[in-house]
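Structure file upload00.txt (compact mmCIF, C-alpha atoms and all ligand atoms) is printed below.
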```txt
# COMPACT_ATOMS: atom_id res chain seq x y z
CA MET Y 1 89.69 151.53 49.86
CA ALA Y 2 92.42 149.22 51.14
CA GLU Y 3 93.02 151.68 53.99
CA GLN Y 4 89.51 151.23 55.38
CA ARG Y 5 90.36 147.92 57.03
CA PRO Y 6 94.02 148.23 57.91
CA GLY Y 7 95.81 144.93 58.51
CA LEU Y 8 93.46 142.77 56.51
CA MET Y 9 95.28 143.22 53.21
CA ARG Y 10 98.52 141.29 53.07
CA PRO Y 11 100.81 142.48 50.28
CA PHE Y 12 103.43 140.06 49.04
CA PRO Y 13 106.44 140.06 49.08
CA VAL Y 14 106.87 141.28 52.63
CA THR Y 15 109.58 143.88 53.14
CA THR Y 16 111.73 143.70 56.25
CA GLY Y 17 113.31 146.59 58.09
CA VAL Y 18 116.93 147.34 58.69
CA SER Y 19 117.15 145.57 62.06
CA ALA Y 20 116.72 141.94 63.01
CA PRO Y 21 115.45 140.47 66.30
CA VAL Y 22 117.98 138.87 68.62
CA ALA Y 23 115.48 136.50 70.26
CA ALA Y 24 113.98 133.86 67.97
CA PRO Y 25 110.66 135.09 66.58
CA ILE Y 26 107.53 133.00 66.98
CA GLN Y 27 105.50 132.33 63.86
CA PRO Y 28 102.03 130.95 64.59
CA SER Y 29 100.70 131.26 61.03
CA VAL Y 30 98.87 128.16 59.81
CA VAL Y 31 99.31 129.09 56.18
CA TYR Y 32 101.93 130.83 54.03
CA ALA Y 33 101.29 132.97 50.99
CA ALA Y 34 103.13 132.29 47.74
CA GLU Y 35 103.81 134.55 44.78
CA SER Y 36 102.42 132.29 42.07
CA PRO Y 37 101.51 128.69 41.23
CA THR Y 38 104.94 128.36 39.64
CA ALA Y 39 106.59 129.51 42.89
CA LEU Y 40 104.50 126.92 44.75
CA ASP Y 41 105.71 124.21 42.36
CA ALA Y 42 109.30 125.17 43.13
CA GLN Y 43 108.57 124.97 46.86
CA TYR Y 44 106.76 121.62 46.77
CA GLU Y 45 109.48 120.18 44.55
CA GLY Y 46 112.12 121.31 47.05
CA ARG Y 47 113.91 123.64 44.62
CA VAL Y 48 113.40 126.58 46.96
CA GLN Y 49 112.94 126.60 50.73
CA GLY Y 50 109.65 127.79 52.11
CA HIS Y 51 106.55 126.86 54.01
CA THR Y 52 103.01 126.32 52.79
CA TYR Y 53 100.84 124.96 55.60
CA ALA Y 54 101.80 124.51 59.25
CA ARG Y 55 100.98 120.79 59.48
CA GLU Y 56 103.61 120.27 56.79
CA GLY Y 57 106.19 122.37 58.61
CA HIS Y 58 106.72 125.85 60.01
CA PRO Y 59 109.69 128.08 60.86
CA ASN Y 60 109.72 127.33 64.61
CA ALA Y 61 109.72 123.56 64.07
CA ALA Y 62 112.39 123.86 61.38
CA ALA Y 63 114.65 125.96 63.61
CA LEU Y 64 114.28 123.57 66.56
CA ALA Y 65 114.76 120.47 64.39
CA ALA Y 66 117.96 121.89 62.93
CA ARG Y 67 119.35 122.69 66.38
CA ILE Y 68 118.73 119.19 67.70
CA ALA Y 69 120.10 117.65 64.49
CA ALA Y 70 123.30 119.64 65.01
CA MET Y 71 123.51 118.43 68.63
CA GLU Y 72 123.06 114.79 67.57
CA GLY Y 73 125.33 115.13 64.56
CA CYS Y 74 122.99 114.36 61.68
CA GLU Y 75 121.70 116.24 58.67
CA ALA Y 76 117.98 115.67 58.84
CA GLY Y 77 115.54 115.61 61.73
CA LEU Y 78 111.90 116.26 62.34
CA VAL Y 79 110.13 117.86 65.30
CA THR Y 80 106.88 116.22 66.37
CA GLY Y 81 104.07 117.10 68.76
CA SER Y 82 105.36 114.69 71.45
CA GLY Y 83 108.07 112.13 72.10
CA MET Y 84 105.56 109.38 71.39
CA ALA Y 85 104.77 110.98 68.03
CA ALA Y 86 108.50 110.70 67.25
CA VAL Y 87 108.51 107.03 68.27
CA ALA Y 88 105.42 106.48 66.10
CA ALA Y 89 106.99 108.28 63.14
CA ALA Y 90 110.01 105.96 63.31
CA LEU Y 91 108.11 102.70 63.79
CA MET Y 92 104.99 103.33 61.75
CA GLY Y 93 106.68 105.48 59.13
CA LEU Y 94 109.32 102.86 58.35
CA LEU Y 95 107.78 99.43 59.09
CA ALA Y 96 105.15 97.60 57.06
CA ALA Y 97 102.79 94.67 57.62
CA GLY Y 98 104.81 91.46 57.77
CA ASP Y 99 107.83 93.17 59.34
CA HIS Y 100 109.09 92.36 62.81
CA VAL Y 101 110.62 94.72 65.37
CA VAL Y 102 112.64 93.89 68.47
CA GLY Y 103 112.31 96.27 71.41
CA SER Y 104 114.16 96.43 74.69
CA ASP Y 105 112.00 94.89 77.41
CA GLN Y 106 112.62 98.02 79.50
CA LEU Y 107 111.41 100.59 76.98
CA TYR Y 108 109.36 103.62 78.03
CA GLY Y 109 105.87 102.37 78.92
CA ARG Y 110 104.00 103.86 75.97
CA SER Y 111 106.66 102.64 73.53
CA LEU Y 112 106.17 99.14 74.94
CA ARG Y 113 102.44 99.53 74.46
CA LEU Y 114 102.87 100.66 70.85
CA LEU Y 115 104.96 97.56 70.14
CA ARG Y 116 102.75 95.16 72.10
CA GLU Y 117 99.28 96.38 71.20
CA ASP Y 118 99.19 98.75 68.25
CA LEU Y 119 101.80 97.47 65.81
CA PRO Y 120 100.52 93.86 65.90
CA ARG Y 121 97.03 95.17 65.02
CA LEU Y 122 98.62 96.66 61.88
CA GLY Y 123 100.48 93.48 61.00
CA VAL Y 124 103.87 94.37 62.48
CA ALA Y 125 104.97 91.75 65.00
CA ALA Y 126 107.14 92.68 67.97
CA GLY Y 127 109.57 90.75 70.15
CA PHE Y 128 111.36 91.86 73.29
CA ALA Y 129 114.81 91.29 74.71
CA ASP Y 130 117.06 92.48 77.50
CA ALA Y 131 119.11 95.27 75.87
CA THR Y 132 121.94 94.88 78.37
CA ASP Y 133 122.70 91.58 76.59
CA ALA Y 134 123.42 91.73 72.84
CA ALA Y 135 123.19 87.92 72.65
CA ALA Y 136 119.62 88.07 73.98
CA VAL Y 137 118.78 90.68 71.34
CA ALA Y 138 120.37 88.45 68.66
CA ALA Y 139 118.23 85.53 69.84
CA ALA Y 140 115.07 87.64 69.43
CA LEU Y 141 115.82 88.51 65.79
CA ARG Y 142 113.85 86.80 63.03
CA PRO Y 143 114.45 86.75 59.28
CA GLU Y 144 111.77 89.45 58.92
CA THR Y 145 113.13 91.72 61.69
CA ARG Y 146 113.60 95.21 60.24
CA MET Y 147 114.28 97.31 63.33
CA ILE Y 148 115.68 97.21 66.86
CA LEU Y 149 114.50 99.90 69.30
CA ILE Y 150 116.43 100.53 72.51
CA GLU Y 151 117.05 103.21 75.13
CA THR Y 152 120.69 103.53 76.20
CA VAL Y 153 119.74 104.10 79.84
CA SER Y 154 116.46 102.47 80.84
CA ASN Y 155 113.59 103.69 82.97
CA PRO Y 156 113.44 103.41 85.97
CA MET Y 157 116.21 100.89 86.70
CA LEU Y 158 118.81 102.91 84.75
CA ARG Y 159 120.21 99.76 83.15
CA VAL Y 160 122.80 100.54 80.48
CA ALA Y 161 122.22 98.87 77.10
CA ASP Y 162 125.02 97.12 75.25
CA LEU Y 163 124.85 99.78 72.56
CA GLU Y 164 128.09 98.73 70.87
CA GLY Y 165 127.15 95.05 70.77
CA ILE Y 166 123.65 95.76 69.50
CA ALA Y 167 124.91 98.23 66.88
CA ALA Y 168 127.35 95.59 65.60
CA LEU Y 169 124.54 93.06 65.49
CA ALA Y 170 122.22 95.44 63.63
CA ARG Y 171 124.93 96.21 61.08
CA GLU Y 172 125.76 92.55 60.56
CA ARG Y 173 122.12 91.54 60.12
CA GLY Y 174 121.04 94.58 58.07
CA VAL Y 175 118.52 95.69 60.69
CA LEU Y 176 117.81 99.36 61.42
CA LEU Y 177 118.85 100.47 64.91
CA ALA Y 178 116.67 103.13 66.54
CA VAL Y 179 117.86 104.64 69.82
CA ASP Y 180 115.62 106.69 72.11
CA ASN Y 181 118.20 109.11 73.53
CA THR Y 182 115.86 110.96 75.90
CA PHE Y 183 117.65 110.05 79.15
CA THR Y 184 121.21 110.30 77.89
CA THR Y 185 120.82 113.33 75.60
CA PRO Y 186 123.59 114.22 73.12
CA ARG Y 187 125.51 115.67 76.07
CA ALA Y 188 126.15 112.15 77.41
CA LEU Y 189 126.09 110.09 74.24
CA ARG Y 190 125.50 110.55 70.52
CA PRO Y 191 124.02 107.29 69.19
CA PHE Y 192 124.83 108.07 65.53
CA GLU Y 193 128.51 107.82 66.46
CA TYR Y 194 127.88 104.21 67.51
CA GLY Y 195 126.08 103.33 64.30
CA ALA Y 196 122.45 104.08 65.17
CA ASP Y 197 120.32 104.70 62.08
CA ILE Y 198 117.59 106.61 63.89
CA VAL Y 199 117.66 108.71 67.05
CA ILE Y 200 114.53 109.68 68.95
CA HIS Y 201 113.91 112.26 71.68
CA SER Y 202 111.14 113.23 73.97
CA VAL Y 203 112.08 116.91 73.73
CA THR Y 204 109.49 117.42 76.46
CA LYS Y 205 112.08 116.24 78.96
CA LEU Y 206 115.67 117.48 79.28
CA LEU Y 207 116.08 119.30 75.98
CA ALA Y 208 113.17 121.72 76.45
CA GLY Y 209 113.75 121.36 80.16
CA HIS Y 210 111.02 123.46 81.80
CA ALA Y 211 108.00 121.10 81.89
CA ASP Y 212 105.98 123.50 79.76
CA ALA Y 213 106.19 122.08 76.23
CA THR Y 214 105.26 118.64 74.86
CA LEU Y 215 107.47 117.78 71.89
CA GLY Y 216 109.52 115.11 70.18
CA TRP Y 217 112.28 114.82 67.62
CA VAL Y 218 113.35 112.02 65.33
CA GLY Y 219 116.37 112.08 63.07
CA ALA Y 220 118.16 109.72 60.71
CA ARG Y 221 121.60 109.57 59.17
CA ASP Y 222 120.05 108.49 55.88
CA ALA Y 223 118.09 111.25 54.11
CA GLY Y 224 115.73 108.70 52.55
CA LEU Y 225 114.74 107.35 55.98
CA ALA Y 226 114.26 110.86 57.32
CA GLU Y 227 112.04 111.72 54.38
CA ARG Y 228 109.84 108.65 54.86
CA MET Y 229 109.36 109.46 58.55
CA GLU Y 230 108.55 113.06 57.73
CA ARG Y 231 106.00 112.12 55.07
CA PHE Y 232 104.21 109.84 57.54
CA ALA Y 233 104.32 112.45 60.31
CA VAL Y 234 102.86 115.13 58.02
CA THR Y 235 100.10 112.80 56.82
CA LEU Y 236 99.14 111.83 60.36
CA GLY Y 237 99.45 115.36 61.67
CA LEU Y 238 102.10 114.55 64.28
CA THR Y 239 103.04 118.20 63.96
CA ALA Y 240 104.28 120.38 66.83
CA SER Y 241 102.83 123.72 67.87
CA PRO Y 242 104.95 126.78 66.97
CA PHE Y 243 104.67 128.04 70.53
CA ASP Y 244 105.97 124.80 72.03
CA CYS Y 245 108.84 124.78 69.50
CA TRP Y 246 109.66 128.34 70.44
CA LEU Y 247 109.71 127.46 74.15
CA ALA Y 248 111.96 124.47 73.47
CA GLU Y 249 114.36 126.52 71.38
CA ARG Y 250 114.57 128.94 74.26
CA GLY Y 251 115.10 126.03 76.66
CA LEU Y 252 117.94 124.69 74.52
CA LEU Y 253 119.91 127.89 75.07
CA SER Y 254 120.67 126.70 78.61
CA PHE Y 255 120.59 122.96 77.98
CA ASP Y 256 124.32 122.26 78.40
CA LEU Y 257 124.52 124.21 81.65
CA ARG Y 258 121.36 122.65 83.05
CA TYR Y 259 122.46 119.17 82.15
CA ASP Y 260 125.93 119.51 83.64
CA ARG Y 261 124.62 120.97 86.86
CA ALA Y 262 121.82 118.43 87.30
CA GLU Y 263 124.19 115.57 86.56
CA ALA Y 264 126.81 116.72 89.06
CA THR Y 265 124.12 117.10 91.73
CA ALA Y 266 122.68 113.66 90.88
CA ALA Y 267 126.09 112.00 91.31
CA ALA Y 268 126.58 113.55 94.76
CA LEU Y 269 122.99 112.91 95.78
CA ALA Y 270 123.13 109.22 94.80
CA ASP Y 271 125.80 108.61 97.45
CA ARG Y 272 123.93 110.60 100.07
CA ILE Y 273 120.63 108.78 99.42
CA ALA Y 274 122.44 105.47 99.94
CA GLY Y 275 123.07 106.47 103.57
CA MET Y 276 119.54 107.67 104.37
CA PRO Y 277 117.22 105.73 106.73
CA GLY Y 278 115.19 102.94 105.17
CA VAL Y 279 116.99 103.12 101.82
CA GLN Y 280 117.73 99.56 100.70
CA LYS Y 281 119.27 100.20 97.33
CA VAL Y 282 120.43 103.06 95.12
CA LEU Y 283 120.76 102.81 91.35
CA TYR Y 284 123.02 105.30 89.63
CA PRO Y 285 125.16 104.36 86.60
CA GLY Y 286 128.17 106.15 88.11
CA ARG Y 287 128.18 104.09 91.32
CA ALA Y 288 130.39 101.03 91.66
CA ASP Y 289 127.42 98.95 92.89
CA HIS Y 290 125.36 99.59 89.73
CA PRO Y 291 124.80 96.29 87.84
CA ASP Y 292 126.20 97.83 84.62
CA ALA Y 293 128.91 99.96 86.24
CA ALA Y 294 131.71 98.78 83.93
CA ARG Y 295 129.70 99.34 80.76
CA ALA Y 296 128.44 102.68 82.05
CA ALA Y 297 132.03 103.81 82.65
CA ALA Y 298 133.13 102.75 79.17
CA LEU Y 299 130.09 103.98 77.25
CA LEU Y 300 129.04 107.10 79.13
CA ARG Y 301 132.58 108.18 80.10
CA GLY Y 302 131.58 110.01 83.23
CA ARG Y 303 128.29 111.35 81.81
CA PHE Y 304 126.06 109.35 84.12
CA CYS Y 305 122.94 111.53 83.68
CA ASN Y 306 120.63 113.26 86.11
CA MET Y 307 118.43 110.34 87.14
CA VAL Y 308 118.78 108.44 90.42
CA SER Y 309 116.55 105.51 91.39
CA PHE Y 310 116.31 103.98 94.84
CA GLU Y 311 114.27 101.57 96.89
CA ILE Y 312 112.92 102.14 100.36
CA ALA Y 313 111.68 99.53 102.83
CA GLY Y 314 108.08 99.26 104.01
CA GLY Y 315 105.93 98.79 100.90
CA ARG Y 316 103.15 101.10 99.70
CA ALA Y 317 102.47 102.68 103.13
CA ALA Y 318 106.10 103.77 103.49
CA ALA Y 319 106.12 104.94 99.86
CA ASP Y 320 103.04 107.11 100.54
CA ALA Y 321 104.65 108.59 103.65
CA PHE Y 322 107.90 109.21 101.75
CA ALA Y 323 106.10 110.93 98.86
CA ARG Y 324 103.93 113.04 101.16
CA ALA Y 325 106.92 114.28 103.13
CA ALA Y 326 108.92 114.88 99.94
CA GLY Y 327 106.07 116.94 98.47
CA GLN Y 328 105.84 119.03 101.63
CA ALA Y 329 109.60 119.60 101.43
CA GLY Y 330 109.34 120.82 97.83
CA LEU Y 331 109.98 117.64 95.84
CA PRO Y 332 106.78 116.87 93.94
CA LEU Y 333 105.62 113.39 92.99
CA ALA Y 334 105.14 114.15 89.30
CA PRO Y 335 105.60 111.56 86.58
CA THR Y 336 108.02 113.34 84.29
CA LEU Y 337 111.75 113.98 84.13
CA GLY Y 338 114.21 116.56 82.97
CA ASP Y 339 112.46 119.61 84.37
CA ALA Y 340 114.52 122.45 85.82
CA GLY Y 341 112.94 121.46 89.13
CA SER Y 342 113.54 118.00 90.60
CA THR Y 343 110.65 115.55 90.43
CA LEU Y 344 110.01 112.16 91.99
CA SER Y 345 108.23 109.34 90.28
CA HIS Y 346 106.86 106.10 91.68
CA PRO Y 347 106.86 103.58 88.81
CA ALA Y 348 104.54 101.02 90.44
CA SER Y 349 101.68 103.56 90.54
CA SER Y 350 102.49 105.45 87.31
CA SER Y 351 104.77 104.41 84.44
CA HIS Y 352 104.62 100.68 85.28
CA ARG Y 353 101.12 100.43 86.73
CA GLY Y 354 100.01 98.44 83.67
CA LEU Y 355 102.27 95.55 84.68
CA THR Y 356 101.41 92.93 87.29
CA ALA Y 357 103.38 92.98 90.56
CA GLU Y 358 105.27 89.92 89.23
CA GLY Y 359 106.02 91.72 85.96
CA ARG Y 360 107.37 94.68 87.91
CA ALA Y 361 109.37 92.41 90.19
CA ALA Y 362 111.00 90.82 87.13
CA LEU Y 363 112.30 94.30 86.23
CA GLY Y 364 113.35 94.99 89.83
CA ILE Y 365 110.51 97.44 90.57
CA SER Y 366 108.76 97.18 93.94
CA GLU Y 367 106.30 99.39 95.86
CA GLY Y 368 109.37 101.00 97.45
CA THR Y 369 111.01 101.99 94.14
CA PHE Y 370 111.30 105.71 93.40
CA ARG Y 371 113.00 107.51 90.55
CA LEU Y 372 114.35 110.99 91.11
CA SER Y 373 114.91 113.37 88.20
CA VAL Y 374 117.44 115.80 89.59
CA GLY Y 375 116.96 119.44 88.62
CA LEU Y 376 118.80 122.64 89.34
CA GLU Y 377 118.19 123.09 93.07
CA ASP Y 378 121.02 123.32 95.51
CA LEU Y 379 122.50 119.95 96.55
CA GLU Y 380 122.06 120.70 100.25
CA ALA Y 381 118.40 121.66 99.84
CA LEU Y 382 117.65 118.50 97.86
CA SER Y 383 119.57 116.39 100.31
CA ALA Y 384 117.63 117.84 103.25
CA ALA Y 385 114.26 117.29 101.52
CA LEU Y 386 115.13 113.68 100.69
CA ALA Y 387 116.40 113.03 104.21
CA ARG Y 388 113.10 114.26 105.65
CA ALA Y 389 111.18 112.04 103.22
CA ALA Y 390 113.37 109.05 104.08
CA GLU Y 391 112.77 109.64 107.82
CA ALA Y 392 109.01 109.74 107.23
CA GLY Y 393 109.13 106.56 105.12
CA ALA Y 394 111.29 104.76 107.67
CA ALA Y 395 108.98 105.81 110.55
CA GLU Y 396 105.99 104.42 108.63
CA ALA Y 397 107.89 101.20 107.88
CA ARG Y 398 108.64 100.78 111.63
CA ALA Y 399 105.03 101.53 112.60
CA GLY Y 400 103.66 99.12 109.95
C1 LIG S 501 108.71 110.67 78.08
C2 LIG S 501 109.38 109.71 77.19
C3 LIG S 501 108.87 109.39 75.93
C4 LIG S 501 107.58 109.98 75.43
O1 LIG S 501 107.67 111.36 75.27
P1 LIG S 501 106.39 112.34 75.36
O2 LIG S 501 106.98 113.66 75.00
O3 LIG S 501 105.86 112.26 76.74
O4 LIG S 501 105.42 111.83 74.36
C5 LIG S 501 109.56 108.49 75.15
N1 LIG S 501 110.70 107.92 75.59
C6 LIG S 501 111.22 108.20 76.79
C7 LIG S 501 112.49 107.54 77.21
C8 LIG S 501 110.58 109.10 77.64
O5 LIG S 501 111.10 109.37 78.84
```
Show me, as structure tokens, the structure contained in the file I just sent.
Amino acid sequence: MAEQRPGLMRPFPVTTGVSAPVAAPIQPSVVYAAESPTALDAQYEGRVQGHTYAREGHPNAAALAARIAAMEGCEAGLVTGSGMAAVAAALMGLLAAGDHVVGSDQLYGRSLRLLREDLPRLGVAAGFADATDAAAVAAALRPETRMILIETVSNPMLRVADLEGIAALARERGVLLAVDNTFTTPRALRPFEYGADIVIHSVTKLLAGHADATLGWVGARDAGLAERMERFAVTLGLTASPFDCWLAERGLLSFDLRYDRAEATAAALADRIAGMPGVQKVLYPGRADHPDAARAAALLRGRFCNMVSFEIAGGRAAADAFARAAGQAGLPLAPTLGDAGSTLSHPASSSHRGLTAEGRAALGISEGTFRLSVGLEDLEALSAALARAAEAGAAEARAG
């Protein structure tokens, strides 16, 4: 009888063969069979390891979470369906109505929006401060402040936060410090070593590294904090897809090599861009003319990351000409970062379009500001593409 519909009966326990796969297997199952109600009790009570239902956790998420936790140097971490889901798990999983949070005024756009618009609606007030100045962060603290959220290197101006000063402040005042480590990655800096309580990643970016998976990760040094974030994430369904986790785990295999290569190219390219026509300013934490050069040298110790920002003359028309020529030369205008291929972004029309021109100007962003996420292409090829784009932008600026 059972043989009539082969594959539909699923005997338990499953027996495995004598060989094991070398590549990580992918496990898309939504649900997991258990031997008995008593076995399920043991699983739910954490006495034995196992999975029950994919929203609560699955093998691909667990494997990826453990790898990133090892890279960041913590015990417990959680993979989420996006970087923003990880930010939400930290803020909404740990804060309650009446609490106050202080965010860097240069946070990722959606993180700013979460703090400005969504948390206040739920009774959590937010303040903002310049994270390059620990005294400014101290001035923004209130008696009910429970958390500080910063990014070590900001977008798109690549300002370097006073991580050590802010960590000391957080410790002294008993406030949780959450660090979004997406730009720096554990290759450049491990925030837990500086006293961060929570570390967040958009795994979508450099860690997965191929612009084909949307994922996040959030980890904590304290197991209790990690558990509260996980409970919230499971309840809200901030869960990641097994396939995306599998792609990211595969991407991580080459992460160190990709990061080192992209960073070395970015450092060389930053100096070349500075000499291209129409370029008014280059921002790279490894350059002596960067506003936080001294702190970058001390904190990042040569790991200045793969992002280069710059400003060209000539306003929107020159920016359009620059982007068009860059696209034709193989450098797409695409608002992401950390892909194996280099991408350009134009903050005024994408990540920072929600701000007024004055608001952007206060951050140093103009219509001529571009951010380049350097990928794995050859330095000479990238240099040539950017030079052609710069020529086109400069020609438009002259004509205008
Ligand atoms: C992209 C990004 C996020 C959000 O990640 P998603 O995976 O796009 O949700 C958060 N923080 C930083 C610094 C980012 O660059």
Surrounding residues as a compact mmCIF listing (two decimals) with C-alpha atoms, in the coordinates of the input, ligand LIG 501 (chain S), max 10 Å, all atoms listed in the file:
```
# COMPACT_ATOMS: atom_id res chain seq x y z
CA THR Y 80 106.88 116.22 66.37
CA GLY Y 81 104.07 117.10 68.76
CA SER Y 82 105.36 114.69 71.45
CA GLY Y 83 108.07 112.13 72.10
CA MET Y 84 105.56 109.38 71.39
CA ALA Y 85 104.77 110.98 68.03
CA ALA Y 86 108.50 110.70 67.25
CA VAL Y 87 108.51 107.03 68.27
CA ALA Y 88 105.42 106.48 66.10
CA GLN Y 106 112.62 98.02 79.50
CA LEU Y 107 111.41 100.59 76.98
CA TYR Y 108 109.36 103.62 78.03
CA GLY Y 109 105.87 102.37 78.92
CA ARG Y 110 104.00 103.86 75.97
CA SER Y 111 106.66 102.64 73.53
CA LEU Y 112 106.17 99.14 74.94
CA ILE Y 150 116.43 100.53 72.51
CA GLU Y 151 117.05 103.21 75.13
CA THR Y 152 120.69 103.53 76.20
CA VAL Y 153 119.74 104.10 79.84
CA SER Y 154 116.46 102.47 80.84
CA ASN Y 155 113.59 103.69 82.97
CA PRO Y 156 113.44 103.41 85.97
CA VAL Y 179 117.86 104.64 69.82
CA ASP Y 180 115.62 106.69 72.11
CA ASN Y 181 118.20 109.11 73.53
CA THR Y 182 115.86 110.96 75.90
CA PHE Y 183 117.65 110.05 79.15
CA THR Y 184 121.21 110.30 77.89
CA ILE Y 200 114.53 109.68 68.95
CA HIS Y 201 113.91 112.26 71.68
CA SER Y 202 111.14 113.23 73.97
CA VAL Y 203 112.08 116.91 73.73
CA THR Y 204 109.49 117.42 76.46
CA LYS Y 205 112.08 116.24 78.96
CA LEU Y 206 115.67 117.48 79.28
CA ALA Y 213 106.19 122.08 76.23
CA THR Y 214 105.26 118.64 74.86
CA LEU Y 215 107.47 117.78 71.89
CA GLY Y 216 109.52 115.11 70.18
CA TRP Y 217 112.28 114.82 67.62
CA PRO Y 335 105.60 111.56 86.58
CA THR Y 336 108.02 113.34 84.29
CA LEU Y 337 111.75 113.98 84.13
CA GLY Y 338 114.21 116.56 82.97
CA SER Y 351 104.77 104.41 84.44
```
List the spatial neighbours of region 191-195 of chain Y as a ChimeraX atom specification - criterion: any atom at most 8 Å away, all atoms listed in the file, same-chain residues fewer than 6 positions off excluded.
/Y:72-74,163-164,167-168,171,177,179,181,221
Compile a residue-level contact table for region 101-211 of chain Y against region 339-348 of chain Y at a cut-off of 6 Å, reporting for every qualifying residue the shortest atom pair and its distance in Å to one decimal, with all atoms listed in the file counted, rows ordered by chain and ascending number, as a tab-separated table.
```
residue	atom	partner	partner_atom	distance
Y:Gly209	CA	Y:Asp339	CA	4.7
Y:His210	CA	Y:Asp339	CA	4.8
Y:Ala211	CA	Y:Asp339	CA	5.3
```
Could you name the residues that touch Asp271 (chain Y) at 9 Å or less, counting only C-alpha atoms, but leaving out those on the same chain fewer than 4 positions away, as a PyMOL selection string?
chain Y and resi 266-267+275+282+284+287
With all atoms listed in the file counted, which protein, DNA or RNA residues have an atom no more than 10 Å from (106.7, 125.0, 68.0) in the file frame? Please answer as a list in words.
Ile26, Gln27, Pro28, Gly57, His58, Pro59, Asn60, Ala61, Ala62, Ala63, Leu64, Ala65, Val79, Thr80, Gly81, Ala213, Thr214, Leu215, Thr239, Ala240, Ser241, Pro242, Phe243, Asp244, Cys245, Trp246, Leu247, Ala248 and Glu249 of chain Y
Two-atom distance - CA of Gly127 (chain Y), CA of Asp105 (chain Y) (Å):
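According to the coordinates, CA of Gly127 (chain Y) and CA of Asp105 (chain Y) are separated by 8.7 Å.
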For Arg261 (chain Y), which of Y:Glu377, Y:Glu391, Y:Asp289, Y:Asp133 is the closest residue, counting all atoms listed in the file?
Y:Glu377
Just want the 8 Å neighbourhood of Gly93 (chain Y), counted on all atoms listed in the file, with same-chain residues fewer than 6 positions away dropped. Output as an mmCIF file with C-alpha atoms, keeping the file's coordinate frame.
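What landed in around_8.cif:
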```cif
data_model
loop_
_atom_site.group_PDB
_atom_site.id
_atom_site.type_symbol
_atom_site.label_atom_id
_atom_site.label_comp_id
_atom_site.auth_asym_id
_atom_site.auth_seq_id
_atom_site.Cartn_x
_atom_site.Cartn_y
_atom_site.Cartn_z
ATOM 1 C CA ARG Y 228 109.840 108.650 54.860
ATOM 2 C CA MET Y 229 109.360 109.460 58.550
ATOM 3 C CA GLU Y 230 108.550 113.060 57.730
ATOM 4 C CA ARG Y 231 106.000 112.120 55.070
ATOM 5 C CA PHE Y 232 104.210 109.840 57.540
ATOM 6 C CA ALA Y 233 104.320 112.450 60.310
#
```
Please return, as a ChimeraX atom specification, all polymer residues that have at least one atom within 7 Å of the point (116.0, 100.3, 58.6); use all atoms listed in the file and the file's own coordinate frame.
/Y:146-147,175-177
What does the structure give for the distance between CA of Ala313 (chain Y) and CA of Ala262 (chain Y), in Å to one decimal?
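CA of Ala313 (chain Y) sits 26.5 Å away from CA of Ala262 (chain Y).
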Residues within 9 Å of Thr52 (chain Y), all atoms listed in the file, excluding chain neighbours under 5 positions, as an MDAnalysis selection string
chainID Y and resid 30:34 40 43:44 57:58
Neighbouring residues of Val102 (chain Y) were defined as those with any atom within 12 Å, considering only C-alpha atoms; residues of the same chain fewer than 4 positions away were excluded. Please report them as number ranges by chain.
Y: 91, 95, 106-107, 111-112, 115-116, 119, 124-131, 134, 136-150, 166, 170, 175-178
With only C-alpha atoms as the atoms that count, which of Y:Ala188, Y:Ala54, Y:Ala334, Y:Leu8 lies nearest to Gly302 (chain Y)?
Y:Ala188
When you draw a straight line from CA of Val199 (chain Y) to CA of Val218 (chain Y), how long is it in Å?
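Those two atoms sit 5.7 Å apart.
Each of Y:Ala161, Y:Gln49, Y:Leu355, Y:Gly17 was checked against Gly103 (chain Y) using all atoms listed in the file; the smallest atom-to-atom distance is that of Y:Ala161.
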From Y:Arg371, Y:Arg353, Y:Arg187, Y:Arg159, residue lying nearest Met307 (chain Y) [only C-alpha atoms]:
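That would be Y:Arg371, the residue with the smallest distance to Met307 (chain Y).
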Of the residues Y:Val160, Y:Ala268, Y:Ala319, Y:Leu333, which is the one nearest to Ser366 (chain Y), using all atoms listed in the file?
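Using all atoms listed in the file, the shortest distance to Ser366 (chain Y) belongs to Y:Ala319.
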